$ cat target03.txt   # compact mmCIF, C-alpha atoms
# COMPACT_ATOMS: atom_id res chain seq x y z
CA MET A 1 -57.76 -0.13 15.94
CA ALA A 2 -58.51 -1.74 19.29
CA TYR A 3 -59.18 -5.04 17.51
CA CYS A 4 -55.64 -5.26 16.08
CA VAL A 5 -53.58 -7.76 18.10
CA ALA A 6 -50.38 -6.52 16.45
CA HIS A 7 -50.96 -2.82 17.21
CA ALA A 8 -50.16 -2.33 13.54
CA ILE A 9 -52.82 0.26 12.67
CA ARG A 10 -51.78 3.89 12.96
CA VAL A 11 -53.90 6.97 12.38
CA GLU A 12 -52.32 10.24 11.31
CA GLY A 13 -54.79 13.01 10.66
CA ALA A 14 -57.67 11.42 8.79
CA VAL A 15 -55.60 8.58 7.32
CA ALA A 16 -55.13 5.13 8.81
CA THR A 17 -52.20 2.97 7.71
CA ILE A 18 -51.13 -0.58 8.49
CA ASP A 19 -47.51 -1.20 9.45
CA GLN A 20 -46.74 -4.17 7.19
CA GLU A 21 -43.82 -5.31 9.34
CA LEU A 22 -45.96 -5.54 12.47
CA CYS A 23 -49.07 -7.01 10.78
CA TYR A 24 -49.52 -10.79 11.30
CA GLU A 25 -52.14 -11.06 8.52
CA CYS A 26 -54.51 -12.53 11.13
CA HIS A 27 -57.50 -10.96 9.32
CA SER A 28 -59.22 -10.03 12.56
CA CYS A 29 -59.70 -6.49 11.21
CA VAL A 30 -61.49 -7.84 8.11
CA ARG A 31 -63.49 -10.47 9.97
CA CYS A 32 -64.74 -8.24 12.80
CA GLY A 33 -66.07 -5.68 10.33
CA MET A 34 -65.84 -2.83 12.81
CA CYS A 35 -64.25 -0.24 10.52
CA PRO A 36 -66.71 2.69 10.19
CA VAL A 37 -65.83 3.15 6.50
CA ASP A 38 -65.31 -0.55 5.69
CA ALA A 39 -61.74 0.11 4.59
CA PHE A 40 -60.18 -3.29 5.30
CA ARG A 41 -59.68 -5.62 2.36
CA SER A 42 -58.25 -9.09 2.04
CA ASP A 43 -55.05 -9.16 -0.05
CA ASP A 44 -53.99 -12.12 -2.21
CA LEU A 45 -50.81 -12.95 -0.36
CA GLU A 46 -47.84 -14.66 -1.94
CA TRP A 47 -45.15 -16.84 -0.41
CA PRO A 48 -43.52 -16.18 2.04
CA ARG A 49 -45.84 -13.43 3.28
CA ILE A 50 -48.78 -15.86 3.31
CA LEU A 51 -46.99 -17.81 6.03
CA ARG A 52 -48.04 -15.07 8.47
CA ARG A 53 -51.67 -15.74 7.74
CA MET A 54 -51.32 -19.53 7.98
CA PHE A 55 -49.97 -19.24 11.53
CA SER A 56 -52.07 -16.27 12.66
CA ASP A 57 -55.56 -16.52 11.13
CA PRO A 58 -57.50 -19.34 12.87
CA ASN A 59 -59.74 -19.71 9.82
CA PHE A 60 -56.98 -20.08 7.25
CA PRO A 61 -55.48 -23.51 6.51
CA HIS A 62 -51.80 -24.39 6.22
CA LYS A 63 -51.87 -24.58 2.44
CA SER A 64 -48.15 -25.34 2.18
CA SER A 65 -48.05 -28.31 4.53
CA THR A 66 -50.80 -29.97 6.54
CA LEU A 67 -53.86 -28.40 4.83
CA GLU A 68 -55.38 -28.26 8.33
CA LEU A 69 -56.54 -25.31 10.41
CA GLY A 70 -54.65 -24.44 13.57
CA ARG A 71 -51.08 -23.80 14.63
CA GLY A 72 -50.26 -27.35 15.69
CA THR A 73 -51.67 -30.87 15.37
CA SER A 74 -54.58 -32.52 17.11
CA GLU A 75 -52.00 -33.49 19.80
CA MET A 76 -53.91 -35.19 22.66
CA LYS A 77 -57.40 -34.23 21.53
CA ASP A 78 -57.92 -37.63 19.90
CA ASN A 79 -55.19 -39.59 21.70
CA ASP A 80 -57.74 -42.19 22.77
CA VAL A 81 -57.95 -43.07 19.05
CA THR A 82 -54.53 -42.16 17.63
CA GLY A 83 -52.34 -43.36 20.50
CA ARG A 84 -49.81 -40.63 19.73
CA TYR A 85 -48.84 -40.34 23.43
CA ARG A 86 -48.08 -43.55 25.31
CA ARG A 87 -47.53 -44.41 28.93
CA GLY A 88 -43.95 -43.71 29.95
CA GLU A 89 -43.72 -40.61 27.75
CA ALA A 90 -44.22 -36.87 28.18
CA GLY A 91 -45.58 -34.85 25.28
CA LEU A 92 -44.45 -31.23 25.24
CA CYS A 93 -46.29 -28.38 23.52
CA VAL A 94 -44.23 -25.21 23.50
CA GLU A 95 -46.23 -22.39 21.93
CA LEU A 96 -43.89 -19.55 21.01
CA GLY A 97 -45.37 -16.05 20.99
CA ARG A 98 -48.36 -16.98 23.13
CA PRO A 99 -50.19 -15.22 24.65
CA GLY A 100 -50.36 -12.35 22.22
CA THR A 101 -46.70 -11.32 22.00
CA GLY A 102 -45.97 -12.89 18.61
CA VAL A 103 -42.68 -14.35 17.45
CA THR A 104 -40.24 -13.95 14.56
CA LEU A 105 -38.95 -16.91 12.58
CA PRO A 106 -35.33 -16.28 13.66
CA GLU A 107 -36.51 -16.39 17.29
CA ILE A 108 -38.24 -19.69 16.59
CA GLU A 109 -34.92 -20.93 15.18
CA ARG A 110 -33.26 -20.22 18.53
CA PHE A 111 -35.53 -22.92 20.00
CA THR A 112 -35.43 -25.41 17.13
CA THR A 113 -31.63 -25.43 16.86
CA ARG A 114 -31.08 -25.71 20.60
CA LEU A 115 -33.62 -28.48 21.07
CA MET A 116 -32.50 -30.48 18.03
CA ALA A 117 -28.88 -30.25 19.18
CA ALA A 118 -30.06 -31.97 22.36
CA GLY A 119 -31.60 -34.80 20.35
CA VAL A 120 -35.22 -33.60 20.22
CA ARG A 121 -37.19 -34.63 17.14
CA PHE A 122 -40.30 -32.60 16.41
CA GLU A 123 -43.74 -33.96 15.53
CA PRO A 124 -43.65 -34.52 11.74
CA ASP A 125 -47.28 -33.49 11.15
CA ASN A 126 -46.84 -30.09 12.81
CA PRO A 127 -46.77 -27.21 10.27
CA LEU A 128 -43.79 -25.61 12.00
CA THR A 129 -41.74 -28.78 11.56
CA ALA A 130 -42.21 -28.38 7.80
CA LEU A 131 -40.22 -25.11 7.98
CA ILE A 132 -37.12 -26.76 9.44
CA CYS A 133 -34.68 -27.36 6.60
CA ASP A 134 -31.87 -29.44 8.13
CA ASP A 135 -30.93 -31.73 10.99
CA ALA A 136 -29.45 -28.79 12.90
CA GLY A 137 -32.90 -27.22 13.25
CA HIS A 138 -32.40 -24.23 10.97
CA ILE A 139 -35.46 -22.50 9.52
CA ARG A 140 -35.82 -22.21 5.73
CA PRO A 141 -34.00 -19.04 4.57
CA ASP A 142 -36.94 -17.84 2.45
CA VAL A 143 -39.21 -17.39 5.50
CA ARG A 144 -36.74 -15.89 7.95
CA SER A 145 -38.07 -12.34 7.53
CA GLU A 146 -41.58 -13.31 8.66
CA ARG A 147 -43.28 -13.13 12.03
CA VAL A 148 -46.39 -14.89 13.28
CA LEU A 149 -48.83 -14.57 16.16
CA SER A 150 -47.73 -17.92 17.54
CA ALA A 151 -46.30 -21.28 16.50
CA ILE A 152 -46.14 -24.55 18.40
CA LEU A 153 -43.21 -26.88 18.85
CA GLU A 154 -44.44 -30.38 19.62
CA PHE A 155 -42.19 -33.21 20.76
CA THR A 156 -42.17 -36.23 23.00
CA VAL A 157 -39.55 -37.41 25.49
CA PRO A 158 -39.41 -40.48 27.75
CA THR A 159 -40.71 -39.55 31.21
CA PRO A 160 -37.25 -39.88 32.85
CA ALA A 161 -35.96 -37.26 30.36
CA LEU A 162 -38.66 -34.72 31.29
CA PRO A 163 -36.52 -32.87 33.91
CA GLY A 164 -33.80 -32.39 31.28
CA ALA A 165 -36.30 -31.01 28.76
CA ILE A 166 -37.73 -28.63 31.39
CA SER A 167 -34.22 -27.48 32.29
CA MET A 168 -33.48 -26.72 28.65
CA LEU A 169 -36.70 -24.72 28.32
CA GLU A 170 -35.78 -22.79 31.48
CA GLY A 171 -32.50 -21.84 29.82
CA LEU A 172 -34.29 -20.70 26.68
CA ALA A 173 -36.76 -18.72 28.81
CA ARG A 174 -33.87 -16.69 30.18
CA GLU A 175 -32.58 -15.87 26.68
CA THR A 176 -35.68 -15.26 24.61
CA CYS A 177 -37.20 -11.89 23.83
CA THR A 178 -40.68 -13.34 23.54
CA VAL A 179 -43.10 -15.32 25.69
CA PHE A 180 -44.00 -18.96 25.33
CA SER A 181 -46.51 -21.26 26.96
CA VAL A 182 -45.73 -24.81 27.99
CA GLY A 183 -48.06 -27.81 28.17
CA VAL A 184 -47.16 -31.34 29.24
CA ILE A 185 -49.23 -34.23 27.90
CA THR A 186 -49.62 -37.51 29.78
CA ARG A 187 -51.37 -40.76 28.97
CA LEU A 188 -52.78 -41.43 32.42
CA GLU A 189 -52.27 -44.61 34.41
CA ASP A 190 -55.29 -46.83 35.08
CA ASP A 191 -55.71 -45.29 38.55
CA GLY A 192 -55.81 -41.80 37.00
CA THR A 193 -52.37 -40.72 38.21
CA SER A 194 -49.75 -38.95 36.09
CA PRO A 195 -46.07 -39.87 36.53
CA ASN A 196 -45.14 -36.69 34.66
CA VAL A 197 -47.02 -34.48 37.12
CA THR A 198 -45.29 -36.27 40.00
CA LEU A 199 -41.92 -35.43 38.44
CA LEU A 200 -42.93 -31.82 37.80
CA ASP A 201 -44.02 -31.50 41.44
CA GLN A 202 -40.60 -32.75 42.51
CA LEU A 203 -39.02 -30.09 40.28
CA GLY A 204 -41.10 -27.44 42.01
CA ARG A 205 -42.90 -26.59 38.78
CA ARG A 206 -46.28 -24.96 39.39
CA ILE A 207 -49.05 -26.68 37.45
CA ARG A 208 -52.21 -24.78 36.56
CA PRO A 209 -55.41 -26.08 38.23
CA ASN A 210 -57.26 -26.20 34.90
CA ALA A 211 -56.27 -28.71 32.26
CA LYS A 212 -57.42 -30.31 29.04
CA VAL A 213 -58.72 -33.82 29.61
CA ASN A 214 -59.41 -36.37 26.89
CA VAL A 215 -62.26 -38.30 28.50
CA GLY A 216 -61.63 -41.53 26.62
CA ILE A 217 -64.82 -42.03 24.62
CA GLY A 218 -63.27 -42.08 21.12
CA ARG A 219 -63.46 -45.32 19.11
CA PRO A 220 -61.77 -47.47 17.97
CA ARG A 221 -59.65 -47.26 21.09
CA ALA A 222 -55.85 -47.13 20.62
CA ASN A 223 -53.86 -49.67 22.60
CA VAL A 224 -51.62 -47.24 24.52
CA MET B 225 -53.52 -27.21 19.06
CA THR B 226 -53.23 -26.20 22.69
CA HIS B 227 -55.67 -23.32 22.42
CA ALA B 228 -58.08 -24.17 25.26
CA LEU B 229 -55.29 -24.93 27.70
CA HIS B 230 -53.74 -21.80 29.11
CA ARG B 231 -56.77 -19.95 30.50
CA MET B 232 -55.64 -17.68 33.29
CA GLY B 233 -57.47 -17.25 36.56
CA ALA B 234 -57.41 -18.48 40.13
CA ALA B 235 -59.04 -21.86 40.78
CA GLU B 236 -61.97 -20.24 42.60
CA ASP B 237 -62.55 -18.08 39.51
CA LEU B 238 -62.70 -21.03 37.12
CA THR B 239 -65.61 -22.93 38.61
CA ASP B 240 -67.95 -21.61 35.90
CA ASP B 241 -65.60 -22.28 33.00
CA PHE B 242 -65.67 -25.56 31.04
CA THR B 243 -64.92 -25.83 27.35
CA ILE B 244 -65.14 -28.81 25.03
CA ILE B 245 -63.72 -29.96 21.72
CA VAL B 246 -65.28 -32.82 19.81
CA ARG B 247 -62.84 -34.22 17.32
CA PRO B 248 -63.81 -36.59 14.48
CA GLY B 249 -60.12 -37.48 13.93
CA ARG B 250 -59.48 -40.58 11.86
CA GLY B 251 -63.16 -41.44 11.74
CA ARG B 252 -64.08 -38.20 10.04
CA LYS B 253 -65.60 -39.67 6.86
CA GLY B 254 -69.35 -39.47 7.29
CA ALA B 255 -69.04 -37.68 10.64
CA THR B 256 -71.42 -34.81 9.84
CA PRO B 257 -74.65 -36.45 11.15
CA LYS B 258 -72.84 -37.34 14.39
CA LEU B 259 -71.53 -33.80 14.74
CA GLN B 260 -75.04 -32.46 14.20
CA ALA B 261 -76.46 -34.82 16.84
CA ILE B 262 -73.74 -33.78 19.29
CA LEU B 263 -74.44 -30.13 18.53
CA ASP B 264 -78.07 -30.77 19.51
CA LEU B 265 -76.83 -32.19 22.84
CA ILE B 266 -74.58 -29.19 23.37
CA VAL B 267 -77.59 -26.91 22.96
CA LYS B 268 -79.80 -29.15 25.13
CA HIS B 269 -77.34 -28.93 28.03
CA GLY B 270 -77.13 -25.15 27.99
CA ALA B 271 -73.81 -24.26 26.34
CA VAL B 272 -73.21 -20.51 26.47
CA ASN B 273 -71.02 -20.33 23.34
CA ILE B 274 -70.74 -22.72 20.39
CA SER B 275 -68.76 -23.00 17.18
CA GLY B 276 -68.22 -25.67 14.59
CA ALA B 277 -67.90 -24.72 11.00
CA ARG B 278 -64.57 -22.93 11.03
CA GLY B 279 -62.66 -22.12 7.89
CA GLU B 280 -63.01 -19.58 5.14
CA ASP B 281 -66.76 -20.33 5.06
CA PHE B 282 -67.01 -19.71 8.82
CA PRO B 283 -70.51 -18.47 9.76
CA GLY B 284 -69.60 -17.27 13.28
CA THR B 285 -69.98 -18.51 16.84
CA SER B 286 -73.40 -18.75 18.49
CA LEU B 287 -72.76 -15.25 19.87
CA GLU B 288 -72.71 -14.00 16.27
CA THR B 289 -75.11 -16.26 14.40
CA ASP B 290 -77.88 -18.74 15.17
CA VAL B 291 -77.11 -22.37 15.95
CA LYS B 292 -79.04 -23.56 12.87
CA ASN B 293 -76.53 -21.74 10.69
CA ILE B 294 -73.65 -23.47 12.49
CA ARG B 295 -75.44 -26.83 12.18
CA ASP B 296 -76.15 -26.40 8.46
CA ASN B 297 -72.51 -25.55 7.72
CA LEU B 298 -70.94 -28.52 9.54
CA LYS B 299 -68.74 -30.82 7.46
CA ASP B 300 -67.00 -34.13 8.18
CA ASN B 301 -63.64 -32.49 8.91
CA HIS B 302 -64.96 -29.92 11.38
CA SER B 303 -64.54 -30.04 15.13
CA LEU B 304 -67.16 -28.79 17.56
CA PHE B 305 -66.26 -26.28 20.26
CA ALA B 306 -68.48 -25.14 23.11
CA THR B 307 -68.43 -23.49 26.51
CA PHE B 308 -70.44 -24.53 29.55
CA LYS B 309 -71.04 -22.42 32.63
CA SER B 310 -71.25 -25.07 35.35
CA ALA B 311 -70.05 -28.50 36.44
CA GLU B 312 -73.68 -29.65 36.43
CA ASP B 313 -74.18 -28.75 32.76
CA ILE B 314 -70.93 -30.35 31.58
CA THR B 315 -71.68 -33.49 33.62
CA SER B 316 -75.17 -33.92 32.16
CA PHE B 317 -73.74 -33.36 28.66
CA LEU B 318 -71.04 -35.99 29.21
CA LYS B 319 -73.59 -38.49 30.51
CA ASP B 320 -75.50 -38.16 27.23
CA MET B 321 -72.28 -38.44 25.22
CA VAL B 322 -71.34 -41.67 27.00
CA ALA B 323 -74.86 -43.08 26.65
CA GLN B 324 -75.07 -42.34 22.92
CA ASP B 325 -71.53 -43.64 22.20
CA PHE B 326 -70.82 -41.64 19.04
CA GLY B 327 -67.22 -42.86 18.97
CA LEU B 328 -65.77 -39.35 18.49
CA SER B 329 -63.04 -38.08 20.80
CA LEU B 330 -64.04 -35.49 23.39
CA VAL B 331 -61.78 -33.16 25.34
CA ILE B 332 -63.04 -31.18 28.33
CA GLN B 333 -61.06 -28.22 29.63
CA GLY B 334 -61.75 -27.13 33.17
CA LEU B 335 -60.56 -27.51 36.75
CA GLN B 336 -58.94 -30.91 36.59
CA HIS B 337 -60.51 -32.28 39.74
CA SER B 338 -63.96 -31.13 38.56
CA VAL B 339 -63.48 -32.84 35.19
CA ALA B 340 -62.40 -36.04 36.96
CA GLU B 341 -65.59 -35.90 39.07
CA CYS B 342 -67.63 -35.29 35.96
CA CYS B 343 -66.07 -38.37 34.29
CA LYS B 344 -66.77 -40.48 37.36
CA SER B 345 -70.43 -39.43 37.38
CA ALA B 346 -70.76 -40.21 33.68
CA GLY B 347 -69.07 -43.60 33.94
CA THR B 348 -65.90 -42.89 31.97
CA LYS B 349 -62.23 -42.43 32.91
CA PRO B 350 -59.87 -39.62 31.90
CA HIS B 351 -57.53 -41.03 29.24
CA THR B 352 -54.95 -38.32 28.53
CA VAL B 353 -54.29 -34.94 30.14
CA ASN B 354 -52.55 -31.79 28.91
CA ASN B 355 -51.34 -29.81 31.94
CA SER B 356 -50.37 -26.16 31.64
CA LEU B 357 -47.10 -24.94 33.12
CA GLY B 358 -48.09 -21.36 32.33
CA PHE B 359 -46.15 -18.64 30.53
CA TRP B 360 -42.36 -18.53 30.30
CA GLY B 361 -39.78 -16.12 28.92
CA ALA B 362 -40.18 -12.35 28.67
CA THR B 363 -43.33 -12.34 30.78
CA SER B 364 -42.80 -8.73 31.86
CA SER B 365 -44.15 -7.80 28.40
CA LEU B 366 -47.54 -9.37 29.19
CA PRO B 367 -50.57 -7.37 30.28
CA PRO B 368 -51.67 -7.68 33.92
CA GLN B 369 -53.44 -10.81 35.15
CA SER B 370 -56.78 -8.98 35.28
CA LEU B 371 -56.62 -8.52 31.47
CA LEU B 372 -55.05 -11.92 30.72
CA GLU B 373 -58.12 -13.50 32.28
CA PHE B 374 -60.09 -12.13 29.31
CA THR B 375 -57.53 -12.44 26.53
CA THR B 376 -56.65 -16.06 27.28
CA MET B 377 -60.27 -17.09 26.90
CA CYS B 378 -59.44 -16.92 23.20
CA GLY B 379 -56.81 -19.57 22.68
CA HIS B 380 -55.72 -18.07 19.36
CA SER B 381 -54.87 -14.78 21.15
CA MET B 382 -57.24 -12.81 18.94
CA ILE B 383 -58.54 -10.63 21.80
CA PRO B 384 -56.15 -7.73 22.44
CA ALA B 385 -55.73 -6.44 25.98
CA THR B 386 -56.23 -2.93 24.59
CA LEU B 387 -59.75 -3.89 23.48
CA VAL B 388 -60.61 -5.10 27.00
CA THR B 389 -59.24 -1.91 28.52
CA GLN B 390 -61.13 0.28 26.06
CA VAL B 391 -64.40 -1.58 26.58
CA GLY B 392 -63.93 -1.46 30.35
CA GLU B 393 -63.58 2.31 30.18
CA ARG B 394 -66.78 2.59 28.14
CA VAL B 395 -68.66 0.48 30.68
CA LYS B 396 -67.27 2.60 33.50
CA SER B 397 -68.40 5.78 31.76
CA GLY B 398 -71.88 4.35 31.23
CA SER B 399 -71.74 4.41 27.44
CA LEU B 400 -71.84 0.62 27.13
CA GLY B 401 -73.83 -1.98 29.08
CA LEU B 402 -72.18 -5.11 30.46
CA ASP B 403 -73.90 -7.56 28.09
CA GLU B 404 -73.04 -5.56 24.99
CA ALA B 405 -69.51 -5.05 26.29
CA VAL B 406 -69.03 -8.81 26.55
CA ARG B 407 -70.18 -9.23 22.93
CA VAL B 408 -67.69 -6.61 21.78
CA ILE B 409 -64.81 -8.36 23.56
CA ALA B 410 -65.90 -11.78 22.30
CA LYS B 411 -66.16 -10.73 18.66
CA PRO B 412 -62.60 -11.55 17.51
CA CYS B 413 -62.71 -15.07 19.04
CA VAL B 414 -63.82 -17.45 16.29
CA CYS B 415 -63.83 -20.80 18.02
CA GLY B 416 -66.60 -20.70 20.61
CA ILE B 417 -64.51 -21.10 23.76
CA PHE B 418 -64.84 -17.52 24.97
CA ASN B 419 -67.03 -17.74 28.08
CA PRO B 420 -69.50 -14.80 28.11
CA VAL B 421 -70.83 -15.66 31.57
CA ARG B 422 -67.39 -15.61 33.15
CA ALA B 423 -66.43 -12.54 31.10
CA ARG B 424 -69.44 -10.62 32.39
CA ARG B 425 -68.49 -11.43 35.98
CA LEU B 426 -64.84 -10.49 35.39
CA LEU B 427 -65.78 -7.27 33.58
CA LYS B 428 -68.06 -6.18 36.41
CA ARG B 429 -65.21 -6.75 38.85
CA LEU B 430 -62.73 -4.94 36.59
CA VAL B 431 -64.81 -1.79 36.25
CA GLU B 432 -65.69 -1.73 39.95
CA SER B 433 -62.05 -2.07 41.03
$ encode --input "target03.txt" --output "structure tokens"
Amino acid sequence: MAYCVAHAIRVEGAVATIDQELCYECHSCVRCGMCPVDAFRSDDLEWPRILRRMFSDPNFPHKSSTLELGRGTSEMKDNDVTGRYRRGEAGLCVELGRPGTGVTLPEIERFTTRLMAAGVRFEPDNPLTALICDDAGHIRPDVRSERVLSAILEFTVPTPALPGAISMLEGLARETCTVFSVGVITRLEDDGTSPNVTLLDQLGRRIRPNAKVNVGIGRPRANV
Amino acid sequence: MTHALHRMGAAEDLTDDFTIIVRPGRGRKGATPKLQAILDLIVKHGAVNISGARGEDFPGTSLETDVKNIRDNLKDNHSLFATFKSAEDITSFLKDMVAQDFGLSLVIQGLQHSVAECCKSAGTKPHTVNNSLGFWGATSSLPPQSLLEFTTMCGHSMIPATLVTQVGERVKSGSLGLDEAVRVIAKPCVCGIFNPVRARRLLKRLVES
């Protein structure tokens, strides 16, 4: 039971049950193999229930969209080769439901509709983008009853628009019932400085001391 | 994904915490021999946790299985993940990566100024950075910082705070040793970026507090 991130396993008397509404289908219970009577089994999930597993089980691919593992794209991990993020831009990774609180699809829609109304366009290769069904940012009706451990919104804005994007996220932070984590991606200048970090400092935004750094050894090198 | 990014902890508590991701990306066709050679370097430079062959045929991290099993299961589309316990180890690893010029992208997560120093020593320059602005929204629902320091070492959020609390109580009562306790907490994390050295230090502090 302690291994369940959703707190979905209940024991009454000698019988354990899984609350299907709470369960993310992350398969941690099956994978960890800690049940004393080996009671956990892997179900053959159908759409839309299987969406939970795609976004919650790190070892299960997005079979409906990208066919890749993970809740987002490779974002900046191979930016030295892909050139997805260029100088003069800020990449934003907004992971809804992280760390560990989870998120419902209607709650995700709160973010997608608000951000798209402000002109944001989401990364096309992200599996969450595939669930948006119109230009207003609405989520496909057939998946609206689902919930996932986390899902990532990825988008890019010109650096001068970064304060506006941060302000919008601050507004959403006041409204949402879940938690989200925010990362800002920068293609560094030749002297190693980050114009985006300078702007964030001016906004009084606290930046964590640890970061993810692409060290620039991928080939062939993108011209960005 | 952003999974190695939002590791909680004060700067002085993150000096023994560096994680890497090696990404074949567009050049993935035929990448397996390169991934295997890089895995050998990861082992040579003292990584304390390693993973590579994720997916439904996932054999486990190096805390769960031997490195040979991880090596034998690597495929062109896999990424390598590993954790290093010191700036010295990550610097010597990066020096070898630069010298051998595999052409695969490498991301290092750690204290940003330490990673910059590491790049300078190895003769490369940071290209792109992902900076964390932390957690937003209904943050009152989160566990305390002392537990987040463990749970955020798994970027997929597979380590529940309740597991850390339960294990901490067992250590406190003497029914579980520190090393075994760390293995129990690390078990749900599939991607090799859970740092057992840091976790042991944090767990000792947690149970003594």
$ residues_around --input "target03.txt" --residues "Cys415 in chain B" --least-positions-apart "5" --cutoff "8 Å" --atoms "all atoms listed in the file" --output "VMD selection string"
chain B and resid 274 to 276 278 285 305 378
$ interface_residues --input "target03.txt" --of "chain A" --to "chain B" --cutoff "7 Å" --atoms "only C-alpha atoms" --output "PyMOL selection string"
chain A and resi 2-5+28+32+58-60+70-80+99-100+173-174+176-188+192+206-219
$ residues_around --input "target03.txt" --residues "range 15-25 of chain A" --least-positions-apart "3" --cutoff "8 Å" --atoms "all atoms listed in the file" --output "list in words"
Ala6, His7, Ala8, Ile9, Arg10, Val11, Glu12, Ile50, Arg52, Arg53, Ser56, Asp57, Arg147, Val148 and Leu149 of chain A
$ closest_residue --input "target03.txt" --among "A:Val94, A:Val81, A:Ile166, A:Ala39" --to "Pro220 in chain A" --atoms "only C-alpha atoms"
A:Val81
$ decode --input "target03.txt" --residues "range 216-221 of chain A" --atoms "all heavy atoms" --output "PDB file, in the first residue's frame"
ATOM      1  N   GLY A 216      26.329  20.495 -24.952  1.00  0.00           N
ATOM      2  CA  GLY A 216      26.725  20.893 -26.305  1.00  0.00           C
ATOM      3  C   GLY A 216      27.680  19.960 -27.026  1.00  0.00           C
ATOM      4  O   GLY A 216      28.497  20.410 -27.837  1.00  0.00           O
ATOM      5  N   ILE A 217      27.559  18.650 -26.780  1.00  0.00           N
ATOM      6  CA  ILE A 217      28.473  17.733 -27.481  1.00  0.00           C
ATOM      7  C   ILE A 217      27.752  16.879 -28.512  1.00  0.00           C
ATOM      8  O   ILE A 217      28.353  15.991 -29.104  1.00  0.00           O
ATOM      9  CB  ILE A 217      29.265  16.834 -26.491  1.00  0.00           C
ATOM     10  CG1 ILE A 217      28.326  15.962 -25.661  1.00  0.00           C
ATOM     11  CG2 ILE A 217      30.152  17.687 -25.580  1.00  0.00           C
ATOM     12  CD1 ILE A 217      29.072  14.927 -24.793  1.00  0.00           C
ATOM     13  N   GLY A 218      26.450  17.145 -28.761  1.00  0.00           N
ATOM     14  CA  GLY A 218      25.711  16.400 -29.778  1.00  0.00           C
ATOM     15  C   GLY A 218      26.125  16.846 -31.175  1.00  0.00           C
ATOM     16  O   GLY A 218      26.479  17.997 -31.398  1.00  0.00           O
ATOM     17  N   ARG A 219      26.063  15.920 -32.123  1.00  0.00           N
ATOM     18  CA  ARG A 219      26.409  16.207 -33.521  1.00  0.00           C
ATOM     19  C   ARG A 219      25.388  15.536 -34.442  1.00  0.00           C
ATOM     20  O   ARG A 219      24.903  14.452 -34.092  1.00  0.00           O
ATOM     21  CB  ARG A 219      27.810  15.665 -33.855  1.00  0.00           C
ATOM     22  CG  ARG A 219      28.924  16.187 -32.992  1.00  0.00           C
ATOM     23  CD  ARG A 219      29.337  17.603 -33.373  1.00  0.00           C
ATOM     24  NE  ARG A 219      30.428  18.044 -32.506  1.00  0.00           N
ATOM     25  CZ  ARG A 219      30.263  18.634 -31.329  1.00  0.00           C
ATOM     26  NH1 ARG A 219      29.047  18.880 -30.881  1.00  0.00           N
ATOM     27  NH2 ARG A 219      31.309  18.995 -30.604  1.00  0.00           N
ATOM     28  N   PRO A 220      25.076  16.101 -35.624  1.00  0.00           N
ATOM     29  CA  PRO A 220      25.581  17.367 -36.123  1.00  0.00           C
ATOM     30  C   PRO A 220      24.952  18.531 -35.372  1.00  0.00           C
ATOM     31  O   PRO A 220      23.777  18.479 -35.000  1.00  0.00           O
ATOM     32  CB  PRO A 220      25.163  17.369 -37.596  1.00  0.00           C
ATOM     33  CG  PRO A 220      23.958  16.490 -37.639  1.00  0.00           C
ATOM     34  CD  PRO A 220      24.165  15.447 -36.593  1.00  0.00           C
ATOM     35  N   ARG A 221      25.708  19.573 -35.193  1.00  0.00           N
ATOM     36  CA  ARG A 221      25.293  20.704 -34.381  1.00  0.00           C
ATOM     37  C   ARG A 221      24.247  21.539 -35.125  1.00  0.00           C
ATOM     38  O   ARG A 221      24.435  21.863 -36.291  1.00  0.00           O
ATOM     39  CB  ARG A 221      26.537  21.546 -34.091  1.00  0.00           C
ATOM     40  CG  ARG A 221      26.343  22.727 -33.177  1.00  0.00           C
ATOM     41  CD  ARG A 221      26.275  22.287 -31.730  1.00  0.00           C
ATOM     42  NE  ARG A 221      26.355  23.432 -30.849  1.00  0.00           N
ATOM     43  CZ  ARG A 221      27.428  23.762 -30.145  1.00  0.00           C
ATOM     44  NH1 ARG A 221      28.501  23.021 -30.203  1.00  0.00           N
ATOM     45  NH2 ARG A 221      27.418  24.810 -29.370  1.00  0.00           N
TER      46      ARG A 221
END
